[in-house]
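Okay, my_file_3.csv now, which holds CSV, C-alpha atoms:
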chain,number,residue,atom,x,y,z
A,264,MET,CA,-74.2,149.9,138.6
A,265,VAL,CA,-76.8,151.8,140.7
A,266,GLY,CA,-80.5,151.7,141.5
A,267,HIS,CA,-83.1,150.5,143.9
A,268,ILE,CA,-82.7,147.3,145.9
A,269,ASP,CA,-83.7,144.1,144.1
A,270,HIS,CA,-84.0,145.8,140.7
A,271,GLY,CA,-81.5,143.4,139.1
A,272,LYS,CA,-78.1,145.2,139.3
A,273,THR,CA,-76.1,142.2,140.4
A,274,THR,CA,-77.8,139.8,137.9
A,275,LEU,CA,-77.2,142.3,135.1
A,276,LEU,CA,-73.6,142.6,136.1
A,277,GLU,CA,-73.2,138.8,135.9
A,278,LYS,CA,-74.5,138.9,132.3
A,279,LEU,CA,-72.0,141.6,131.4
A,280,THR,CA,-69.0,140.1,133.1
A,281,GLY,CA,-69.7,136.5,134.0
A,282,LYS,CA,-69.0,137.3,137.7
A,283,TRP,CA,-71.5,137.2,140.6
A,284,THR,CA,-70.3,140.1,142.8
A,285,ASP,CA,-72.2,139.2,146.0
A,286,THR,CA,-69.6,137.1,147.7
A,287,HIS,CA,-69.8,138.3,151.3
A,288,SER,CA,-71.6,135.8,153.6
A,289,GLU,CA,-74.4,138.2,154.6
A,290,GLU,CA,-74.9,139.1,150.9
A,291,MET,CA,-75.4,135.5,150.1
A,292,LYS,CA,-77.8,134.9,153.0
A,293,ARG,CA,-80.0,138.0,152.4
A,294,GLY,CA,-79.7,138.3,148.6
A,295,ILE,CA,-78.7,141.9,148.6
A,296,THR,CA,-75.4,143.8,147.9
A,297,ILE,CA,-73.9,145.2,151.1
A,298,ARG,CA,-70.3,145.9,150.1
A,299,LEU,CA,-69.0,147.3,146.9
A,300,GLY,CA,-68.6,144.6,144.3
A,301,TYR,CA,-66.1,144.6,141.5
A,302,ALA,CA,-66.0,142.9,138.1
A,303,SER,CA,-64.2,143.6,134.9
A,304,ALA,CA,-65.1,142.7,131.3
A,305,VAL,CA,-63.6,143.1,127.8
A,306,ILE,CA,-66.1,144.4,125.2
A,307,TYR,CA,-65.6,142.8,121.9
A,308,LYS,CA,-66.9,143.9,118.5
A,309,CYS,CA,-67.4,141.7,115.4
A,310,PRO,CA,-66.2,143.5,112.3
A,311,LYS,CA,-68.8,141.7,110.2
A,312,CYS,CA,-71.9,142.3,112.3
A,313,GLU,CA,-73.8,145.6,112.3
A,314,GLY,CA,-75.7,147.4,115.1
A,315,PRO,CA,-76.0,146.0,118.6
A,316,LYS,CA,-75.3,142.4,117.4
A,317,ALA,CA,-71.7,143.4,116.8
A,318,TYR,CA,-71.1,143.8,120.6
A,319,SER,CA,-70.5,141.0,123.1
A,320,ILE,CA,-68.2,139.8,125.9
A,321,SER,CA,-67.2,136.8,123.8
A,322,SER,CA,-64.0,136.8,121.7
A,323,LYS,CA,-65.7,134.7,119.0
A,324,CYS,CA,-68.7,135.8,116.9
A,325,MET,CA,-71.2,132.9,116.9
A,326,THR,CA,-72.9,134.3,113.7
A,327,HIS,CA,-69.9,134.4,111.5
A,328,ASN,CA,-67.6,132.1,113.5
A,329,ALA,CA,-65.0,134.8,113.3
A,330,ASP,CA,-62.6,136.4,115.8
A,331,CYS,CA,-63.8,139.6,117.4
A,332,GLN,CA,-61.8,142.7,117.9
A,333,VAL,CA,-61.2,144.1,121.4
A,334,SER,CA,-63.1,147.3,121.7
A,335,ARG,CA,-62.3,148.2,125.4
A,336,MET,CA,-61.8,146.7,128.8
A,337,ILE,CA,-64.0,148.2,131.5
A,338,SER,CA,-64.5,147.8,135.2
A,339,PHE,CA,-67.8,147.7,137.0
A,340,VAL,CA,-68.7,148.7,140.6
A,341,ASP,CA,-71.8,147.1,141.9
A,342,ALA,CA,-73.2,149.6,144.4
A,343,PRO,CA,-75.8,148.5,147.1
A,344,GLY,CA,-79.3,149.8,146.7
A,345,HIS,CA,-80.7,149.6,150.2
A,346,GLU,CA,-81.3,153.0,151.8
A,347,THR,CA,-79.1,152.2,154.9
A,348,LEU,CA,-76.2,151.5,152.5
A,349,MET,CA,-76.3,154.8,150.6
A,350,ALA,CA,-72.9,155.8,152.1
A,351,THR,CA,-71.3,152.7,150.5
A,352,MET,CA,-72.8,153.7,147.2
A,353,LEU,CA,-71.4,157.1,147.5
A,354,SER,CA,-68.0,155.6,148.2
A,355,GLY,CA,-68.3,153.8,144.9
A,356,ALA,CA,-69.4,156.9,143.0
A,357,SER,CA,-66.1,158.6,143.7
A,358,ILE,CA,-64.1,156.2,141.5
A,359,ILE,CA,-66.5,155.9,138.5
A,360,HIS,CA,-66.6,157.7,135.2
A,361,GLY,CA,-70.1,156.6,134.1
A,362,ALA,CA,-73.2,154.9,135.6
A,363,ILE,CA,-75.8,152.4,134.6
A,364,LEU,CA,-79.0,153.3,136.5
A,365,VAL,CA,-81.1,150.1,136.7
A,366,ILE,CA,-84.9,150.6,137.0
A,367,ALA,CA,-87.3,147.6,137.2
A,368,ALA,CA,-90.2,147.7,134.8
A,369,ASN,CA,-92.5,145.8,137.1
A,370,GLU,CA,-92.5,148.5,139.8
A,371,PRO,CA,-93.7,152.1,139.8
A,372,CYS,CA,-90.9,154.6,139.1
A,373,PRO,CA,-89.2,156.2,140.9
A,374,GLN,CA,-88.6,154.0,144.0
A,375,GLN,CA,-86.9,155.7,146.9
A,376,GLN,CA,-83.3,154.5,146.3
A,377,THR,CA,-83.7,155.1,142.5
A,378,ALA,CA,-84.2,158.8,143.3
A,379,ASP,CA,-81.5,158.8,146.0
A,380,HIS,CA,-78.9,157.2,143.6
A,381,LEU,CA,-79.7,159.7,140.8
A,382,LYS,CA,-79.3,162.5,143.3
A,383,ALA,CA,-76.0,161.0,144.4
A,384,LEU,CA,-74.8,160.8,140.8
A,385,GLU,CA,-75.6,164.5,140.3
A,386,ILE,CA,-73.8,165.5,143.5
A,387,THR,CA,-70.6,163.5,142.6
A,388,GLY,CA,-70.5,165.0,139.1
A,389,ILE,CA,-71.3,161.8,137.1
A,390,LYS,CA,-72.8,162.9,133.8
A,391,ASN,CA,-72.4,159.8,131.6
A,392,ILE,CA,-75.5,157.8,132.4
A,393,ILE,CA,-77.3,154.9,130.8
A,394,ILE,CA,-80.8,153.9,132.1
A,395,VAL,CA,-81.6,150.2,132.0
A,396,GLN,CA,-85.3,149.3,132.1
A,397,ASN,CA,-84.9,145.9,133.5
A,398,LYS,CA,-87.2,142.9,134.0
A,399,ILE,CA,-89.1,143.6,130.7
A,400,ASP,CA,-90.0,139.8,130.6
A,401,LEU,CA,-92.2,140.2,133.7
A,402,VAL,CA,-94.7,142.9,132.3
A,403,SER,CA,-97.0,143.3,129.4
A,404,ARG,CA,-96.4,145.7,126.5
A,405,GLU,CA,-98.8,148.3,128.0
A,406,GLN,CA,-97.1,148.1,131.4
A,407,LEU,CA,-93.7,148.5,129.7
A,408,LYS,CA,-94.9,151.7,127.9
A,409,LYS,CA,-96.4,153.1,131.1
A,410,ASN,CA,-93.1,152.4,133.0
A,411,TYR,CA,-91.1,154.1,130.2
A,412,GLU,CA,-93.2,157.2,130.5
A,413,GLU,CA,-92.7,157.2,134.3
A,414,ILE,CA,-89.0,157.0,133.8
A,415,LYS,CA,-89.0,159.9,131.3
A,416,LYS,CA,-91.0,162.0,133.7
A,417,PHE,CA,-88.7,161.1,136.6
A,418,VAL,CA,-85.4,162.1,134.8
A,419,LYS,CA,-86.8,165.3,133.3
A,420,GLY,CA,-84.7,168.2,134.4
A,421,THR,CA,-81.9,166.0,135.9
A,422,VAL,CA,-78.5,165.0,134.7
A,423,ALA,CA,-80.0,161.9,133.2
A,424,GLU,CA,-82.7,163.7,131.1
A,425,LYS,CA,-81.0,162.8,127.8
A,426,ALA,CA,-79.7,159.4,128.9
A,427,PRO,CA,-80.7,156.5,126.6
A,428,ILE,CA,-83.2,154.0,128.0
A,429,ILE,CA,-82.4,150.4,127.1
A,430,PRO,CA,-85.1,147.8,127.7
A,431,VAL,CA,-83.4,144.7,129.1
A,432,SER,CA,-84.1,141.3,130.7
A,433,ALA,CA,-81.0,140.6,132.8
A,434,GLN,CA,-82.4,137.2,133.8
A,435,ALA,CA,-83.0,136.1,130.2
A,436,GLY,CA,-80.0,138.0,128.7
A,437,ILE,CA,-82.2,140.0,126.3
A,438,ASN,CA,-80.7,143.2,124.8
A,439,VAL,CA,-77.4,142.9,126.7
A,440,ASP,CA,-75.7,143.5,123.3
A,441,ALA,CA,-77.6,146.8,123.0
A,442,LEU,CA,-76.4,147.8,126.4
A,443,LEU,CA,-72.8,147.1,125.5
A,444,GLN,CA,-73.2,149.2,122.4
A,445,ALA,CA,-74.7,152.0,124.6
A,446,ILE,CA,-71.7,151.8,127.0
A,447,GLU,CA,-69.3,152.2,124.1
A,448,GLU,CA,-71.2,155.2,122.7
A,449,TYR,CA,-72.3,157.1,125.8
A,450,ILE,CA,-69.6,156.4,128.4
A,451,PRO,CA,-66.2,157.4,126.9
A,452,SER,CA,-62.9,156.6,128.4
A,453,PRO,CA,-61.7,159.4,130.7
A,454,GLU,CA,-58.7,161.5,130.1
A,455,LYS,CA,-55.8,159.8,131.8
A,456,LYS,CA,-53.7,162.1,134.0
A,457,GLU,CA,-50.6,159.9,133.9
A,458,LYS,CA,-48.1,162.7,134.5
A,459,ALA,CA,-49.6,163.8,137.8
A,460,GLU,CA,-48.4,162.3,141.1
A,461,PRO,CA,-50.3,159.0,141.7
A,462,ILE,CA,-53.3,158.9,143.9
A,463,MET,CA,-55.1,155.6,144.4
A,464,LEU,CA,-58.5,155.6,146.1
A,465,VAL,CA,-58.9,152.4,148.2
A,466,ALA,CA,-62.4,150.9,148.3
A,467,ARG,CA,-61.6,147.5,149.7
A,468,SER,CA,-58.7,145.8,151.6
A,469,PHE,CA,-58.2,142.0,152.0
A,470,ASP,CA,-56.3,139.1,153.5
A,471,ILE,CA,-56.3,136.6,150.6
A,472,ASN,CA,-54.3,133.9,152.3
A,473,LYS,CA,-56.0,130.6,153.0
A,474,PRO,CA,-55.4,128.6,156.1
A,475,GLY,CA,-52.5,126.2,155.7
A,476,LYS,CA,-50.6,128.2,153.1
A,477,GLU,CA,-46.9,127.8,153.1
A,478,VAL,CA,-45.0,130.7,154.7
A,479,ASP,CA,-43.0,131.5,151.6
A,480,GLU,CA,-46.3,131.7,149.6
A,481,LEU,CA,-48.0,134.2,151.9
A,482,VAL,CA,-49.2,137.5,150.4
A,483,GLY,CA,-49.4,140.7,152.3
A,484,THR,CA,-52.3,143.1,152.6
A,485,VAL,CA,-54.2,143.5,149.3
A,486,LEU,CA,-55.9,146.8,148.4
A,487,GLY,CA,-58.6,147.2,145.8
A,488,GLY,CA,-59.7,150.4,144.1
A,489,ALA,CA,-58.8,152.8,141.3
A,490,LEU,CA,-56.2,155.4,140.3
A,491,LYS,CA,-57.5,158.9,140.2
A,492,GLN,CA,-54.3,160.1,138.5
A,493,GLY,CA,-50.7,159.2,137.9
A,494,VAL,CA,-49.0,155.8,137.4
A,495,LEU,CA,-48.1,153.1,140.0
A,496,LYS,CA,-45.5,150.5,139.3
A,497,GLU,CA,-44.5,147.2,140.8
A,498,GLY,CA,-41.8,147.8,143.5
A,499,ASP,CA,-42.9,151.4,144.2
A,500,GLU,CA,-42.5,152.6,147.8
A,501,ILE,CA,-45.9,153.8,148.9
A,502,ILE,CA,-47.7,155.4,151.8
A,503,ILE,CA,-51.2,154.6,152.9
A,504,LEU,CA,-53.1,157.6,154.4
A,505,PRO,CA,-54.4,158.5,156.9
A,506,GLY,CA,-53.1,155.2,158.2
A,507,ILE,CA,-54.0,153.5,161.4
A,508,ASN,CA,-55.3,154.8,164.7
A,509,ASP,CA,-52.5,154.3,167.3
A,510,LYS,CA,-54.2,155.2,170.6
A,511,LYS,CA,-51.9,156.2,173.4
A,512,LYS,CA,-52.9,157.7,176.7
A,513,ASN,CA,-56.5,158.1,175.5
A,514,GLU,CA,-55.3,160.3,172.6
A,515,ASP,CA,-56.1,159.5,168.9
A,516,LYS,CA,-52.9,159.4,166.9
A,517,TRP,CA,-53.1,158.4,163.2
A,518,VAL,CA,-49.9,156.8,161.9
A,519,PRO,CA,-49.4,156.6,158.1
A,520,LEU,CA,-48.4,153.1,156.8
A,521,LYS,CA,-45.4,152.8,154.5
A,522,THR,CA,-44.9,149.7,152.4
A,523,LYS,CA,-43.9,148.5,149.0
A,524,ILE,CA,-46.0,147.4,146.0
A,525,ASP,CA,-45.5,143.6,145.6
A,526,LYS,CA,-47.8,142.9,142.7
A,527,LEU,CA,-50.5,144.6,140.6
A,528,ASN,CA,-53.4,143.0,138.8
A,529,TYR,CA,-56.4,143.8,136.7
A,530,SER,CA,-59.0,141.1,137.2
A,531,THR,CA,-57.3,137.8,136.5
A,532,PHE,CA,-54.0,139.0,135.0
A,533,PHE,CA,-50.9,140.7,136.5
A,534,VAL,CA,-49.2,143.8,135.2
A,535,LYS,CA,-46.1,145.8,135.9
A,536,GLU,CA,-47.8,149.1,136.2
A,537,VAL,CA,-51.4,150.6,136.4
A,538,VAL,CA,-52.8,153.8,134.9
A,539,PRO,CA,-56.1,155.6,135.6
A,540,GLY,CA,-59.2,153.9,134.3
A,541,GLY,CA,-60.6,150.6,135.7
A,542,SER,CA,-60.4,149.0,139.1
A,543,PHE,CA,-57.3,146.9,140.1
A,544,GLY,CA,-55.7,145.0,143.0
A,545,LEU,CA,-52.5,146.0,144.6
A,546,SER,CA,-50.7,143.5,146.9
A,547,THR,CA,-48.2,144.9,149.4
A,548,THR,CA,-45.6,143.7,151.8
A,549,LEU,CA,-47.7,144.9,154.7
A,550,ASP,CA,-48.8,142.5,157.4
A,551,THR,CA,-52.3,141.2,156.7
A,552,TYR,CA,-53.5,142.3,160.1
A,553,TYR,CA,-53.8,145.9,158.8
A,554,GLY,CA,-55.8,145.1,155.8
A,555,LYS,CA,-58.2,142.3,156.6
A,556,SER,CA,-62.0,142.9,156.7
A,557,ASP,CA,-61.7,146.2,154.8
A,558,LYS,CA,-59.7,147.9,157.6
A,559,LEU,CA,-58.0,150.2,155.1
A,560,ALA,CA,-61.1,150.9,152.9
A,561,GLY,CA,-61.4,154.6,152.4
A,562,SER,CA,-57.6,155.1,152.5
A,563,VAL,CA,-55.5,156.9,149.9
A,564,VAL,CA,-52.3,155.5,148.4
A,565,CYS,CA,-49.5,157.8,147.2
A,566,LEU,CA,-45.8,157.5,146.5
A,567,ALA,CA,-44.0,157.5,149.9
A,568,ASP,CA,-42.3,160.9,149.2
A,569,LYS,CA,-45.4,162.5,147.6
A,570,PRO,CA,-48.2,162.2,150.1
A,571,VAL,CA,-51.5,164.2,149.9
A,572,ASP,CA,-52.7,166.2,152.9
A,573,VAL,CA,-54.6,164.7,155.8
A,574,PHE,CA,-57.5,166.8,157.2
A,575,GLN,CA,-58.9,166.8,160.7
A,576,SER,CA,-61.5,169.4,159.7
A,577,LEU,CA,-62.8,170.6,156.4
A,578,ASN,CA,-63.6,174.1,155.2
A,579,LEU,CA,-66.3,173.7,152.6
A,580,ARG,CA,-68.2,175.8,150.1
A,581,PHE,CA,-71.6,174.0,150.2
A,582,LYS,CA,-74.7,173.6,148.1
A,583,ILE,CA,-77.7,172.2,149.8
A,584,LEU,CA,-80.5,170.3,148.1
A,585,ASP,CA,-84.2,170.9,148.7
A,586,ASP,CA,-85.0,172.9,151.9
A,587,THR,CA,-82.2,171.5,154.1
A,588,VAL,CA,-80.7,174.1,156.5
A,589,LEU,CA,-77.3,173.7,158.0
A,590,LYS,CA,-76.4,175.2,161.4
A,591,ILE,CA,-73.7,175.0,164.1
A,592,ASN,CA,-73.6,171.7,165.9
A,593,ASP,CA,-75.3,169.8,163.1
A,594,LEU,CA,-74.1,166.2,162.7
A,595,LEU,CA,-73.2,165.3,159.1
A,596,LEU,CA,-72.1,162.2,157.3
A,597,ILE,CA,-69.4,163.1,154.9
A,598,ASN,CA,-68.2,161.1,151.9
A,599,VAL,CA,-64.7,162.1,150.7
A,600,TRP,CA,-63.6,160.0,147.7
A,601,THR,CA,-63.9,156.4,149.1
A,602,SER,CA,-63.8,157.3,152.7
A,603,ARG,CA,-66.7,158.3,155.0
A,604,THR,CA,-66.8,159.9,158.4
A,605,THR,CA,-69.1,162.0,160.5
A,606,GLY,CA,-68.4,165.6,161.5
A,607,ILE,CA,-69.9,168.4,163.6
A,608,VAL,CA,-70.5,171.8,161.9
A,609,SER,CA,-68.4,174.3,163.9
A,610,ALA,CA,-69.0,177.4,161.8
A,611,VAL,CA,-71.4,178.7,159.2
A,612,LYS,CA,-70.8,181.8,157.2
A,613,GLY,CA,-72.8,182.4,154.0
A,614,ASP,CA,-72.3,179.4,151.8
A,615,ASN,CA,-69.2,178.3,153.7
A,616,ILE,CA,-69.0,175.8,156.6
A,617,ILE,CA,-66.3,174.3,158.8
A,618,VAL,CA,-66.8,170.7,159.8
A,619,ASN,CA,-64.7,169.0,162.5
A,620,LEU,CA,-64.3,165.4,161.6
A,621,LYS,CA,-64.5,162.4,163.8
A,622,LEU,CA,-62.0,160.5,161.6
A,623,PRO,CA,-59.3,162.2,159.5
A,624,VAL,CA,-59.5,162.0,155.8
A,625,ALA,CA,-56.7,162.2,153.1
A,626,THR,CA,-57.7,164.3,150.1
A,627,ILE,CA,-56.8,167.4,148.2
A,628,LYS,CA,-58.3,170.9,148.0
A,629,GLY,CA,-60.9,171.5,145.2
A,630,GLU,CA,-62.5,168.1,145.5
A,631,ARG,CA,-66.2,167.6,145.9
A,632,VAL,CA,-67.6,165.8,148.9
A,633,ALA,CA,-71.2,164.5,149.6
A,634,LEU,CA,-73.0,165.7,152.7
A,635,SER,CA,-75.8,163.8,154.4
A,636,LYS,CA,-77.9,164.8,157.4
A,637,ARG,CA,-79.6,162.6,159.9
A,638,THR,CA,-83.4,162.4,159.4
A,639,GLY,CA,-85.1,160.1,161.8
A,640,ASN,CA,-83.3,156.8,161.7
A,641,ARG,CA,-81.6,157.3,158.3
A,642,TRP,CA,-79.1,159.5,156.6
A,643,LYS,CA,-80.6,161.7,154.0
A,644,LEU,CA,-78.4,162.9,151.2
A,645,SER,CA,-78.5,166.7,151.6
A,646,GLY,CA,-76.0,168.3,149.3
A,647,TRP,CA,-72.3,168.6,148.5
A,648,GLY,CA,-69.3,170.8,149.4
A,649,GLU,CA,-66.1,171.8,147.7
A,650,ILE,CA,-63.0,171.6,149.8
A,651,LEU,CA,-61.4,175.1,150.2

Using structure tokens, write down the structure from this file.
Amino acid sequence: MVGHIDHGKTTLLEKLTGKWTDTHSEEMKRGITIRLGYASAVIYKCPKCEGPKAYSISSKCMTHNADCQVSRMISFVDAPGHETLMATMLSGASIIHGAILVIAANEPCPQQQTADHLKALEITGIKNIIIVQNKIDLVSREQLKKNYEEIKKFVKGTVAEKAPIIPVSAQAGINVDALLQAIEEYIPSPEKKEKAEPIMLVARSFDINKPGKEVDELVGTVLGGALKQGVLKEGDEIIILPGINDKKKNEDKWVPLKTKIDKLNYSTFFVKEVVPGGSFGLSTTLDTYYGKSDKLAGSVVCLADKPVDVFQSLNLRFKILDDTVLKINDLLLINVWTSRTTGIVSAVKGDNIIVNLKLPVATIKGERVALSKRTGNRWKLSGWGEIL
């Protein structure tokens, strides 16, 4: 769920899932999304209804008083829209297979973060896109048509040029059924690479224990994210990369964390194993000190005996947007899967660069990373690179 700040992403997500994803204290105070929010929903289809009315998140059809069939369970990532939080949005883009681009009908299109988020979707290779023209209840028919034409002009020549545009009022719940139908038709389930070695991309880490909990009821560090490939099972021995920074004698030494999967859960129910597709939670036997306050966000989880490589520098074949020029000693913000770090360009040769990273990243060759360059007091999304 992407788009400009205050265009209604979180409200729309609540209509789709029944969950309000802004739960961080600062999010509640300021009314904006700061951290990635997660929510899951089951899409149901009534066998007796036709068109958009057949789709809902209710297991019962109110029209026919009949049981609905489960069409699919999906997970949503609510990405922040504020320009200073673009790096967080890019972290979310690495674990999604489709996107809903929310554009408010009561503001000119495009707004700055609307353009930035569409650019980010192109860079991260997300092609399955639905555009939601939100807040239609706040404008006249003439304004709605004008905004629609602005949207069509904005997406022309982009990856979203042929994306459907669904007029919606998230606040009033208008056309949510049409959006659910569009999700089913335009965002297919990805191919599940279950036979590959498992790689989990960690977007959040938590301590879920409340004060006063009995010792034998305590739960270890909980990781939230998605599987890129493979299968993880309850009881698996895992390794968390790049781990923690164990500073000794003024030297940075990163130590991988080995632990065991205690429990696995999708939303509100527990499972014995997880496969690619959808976000999930993974509780470990690791001390909560390591995971609280998102300390392990950006990490990668693998089987203990099948770790991916950890890089201190990246050799990239890059593609730069607009007229940006990269040169030696440039400072870049780099998003690799769900991790982000800064790096200094140490070599430029043709369309290849070498970037020395401030923080190590766990990844594999061939993956695409997002590159942002400092412009004034903000990071500007500048292009992408393929890891060589």

- [ ] Just give me the gap between CA of Ala610 (chain A) and CA of Lys590 (chain A) in Å, one decimal is fine.
- [x]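 Separation of CA of Ala610 (chain A) and CA of Lys590 (chain A): 7.7 Å.
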
- [ ] Show me as a list in words the residues that reach within 6 Å of (-76.7, 161.3, 159.0), counting all atoms listed in the file and using the file's own coordinates.
- [x]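 Neighbouring residues, ordered by chain and number, come to Leu595, Leu596, Ser635, Lys636, Arg637 and Trp642 of chain A.
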
- [ ] May I have the protein, DNA and RNA residues with an atom at most 12 Å from (-68.0, 136.0, 134.5), counting all atoms listed in the file in the file's coordinates, returned as a ChimeraX atom specification?
- [x] /A:273-284,301-305,320-321,339,530-531

TODO: Work out how far CA of Thr484 (chain A) is from CA of Ile501 (chain A), in Å to one decimal.
DONE: 13.0 Å

Open item on the list: With distances taken over only C-alpha atoms, which residue among A:Lys409, A:Lys496, A:Lys621, A:Lys311 lies nearest Ile524 (chain A)?
Closed with: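 That would be A:Lys496, the residue with the smallest distance to Ile524 (chain A).
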
Task: Nearest candidate to Lys456 (chain A) (options A:Ile437, A:Ala368, A:Leu490, A:Leu442; using only C-alpha atoms) - done: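 For Lys456 (chain A), the nearest of the candidates is A:Leu490.
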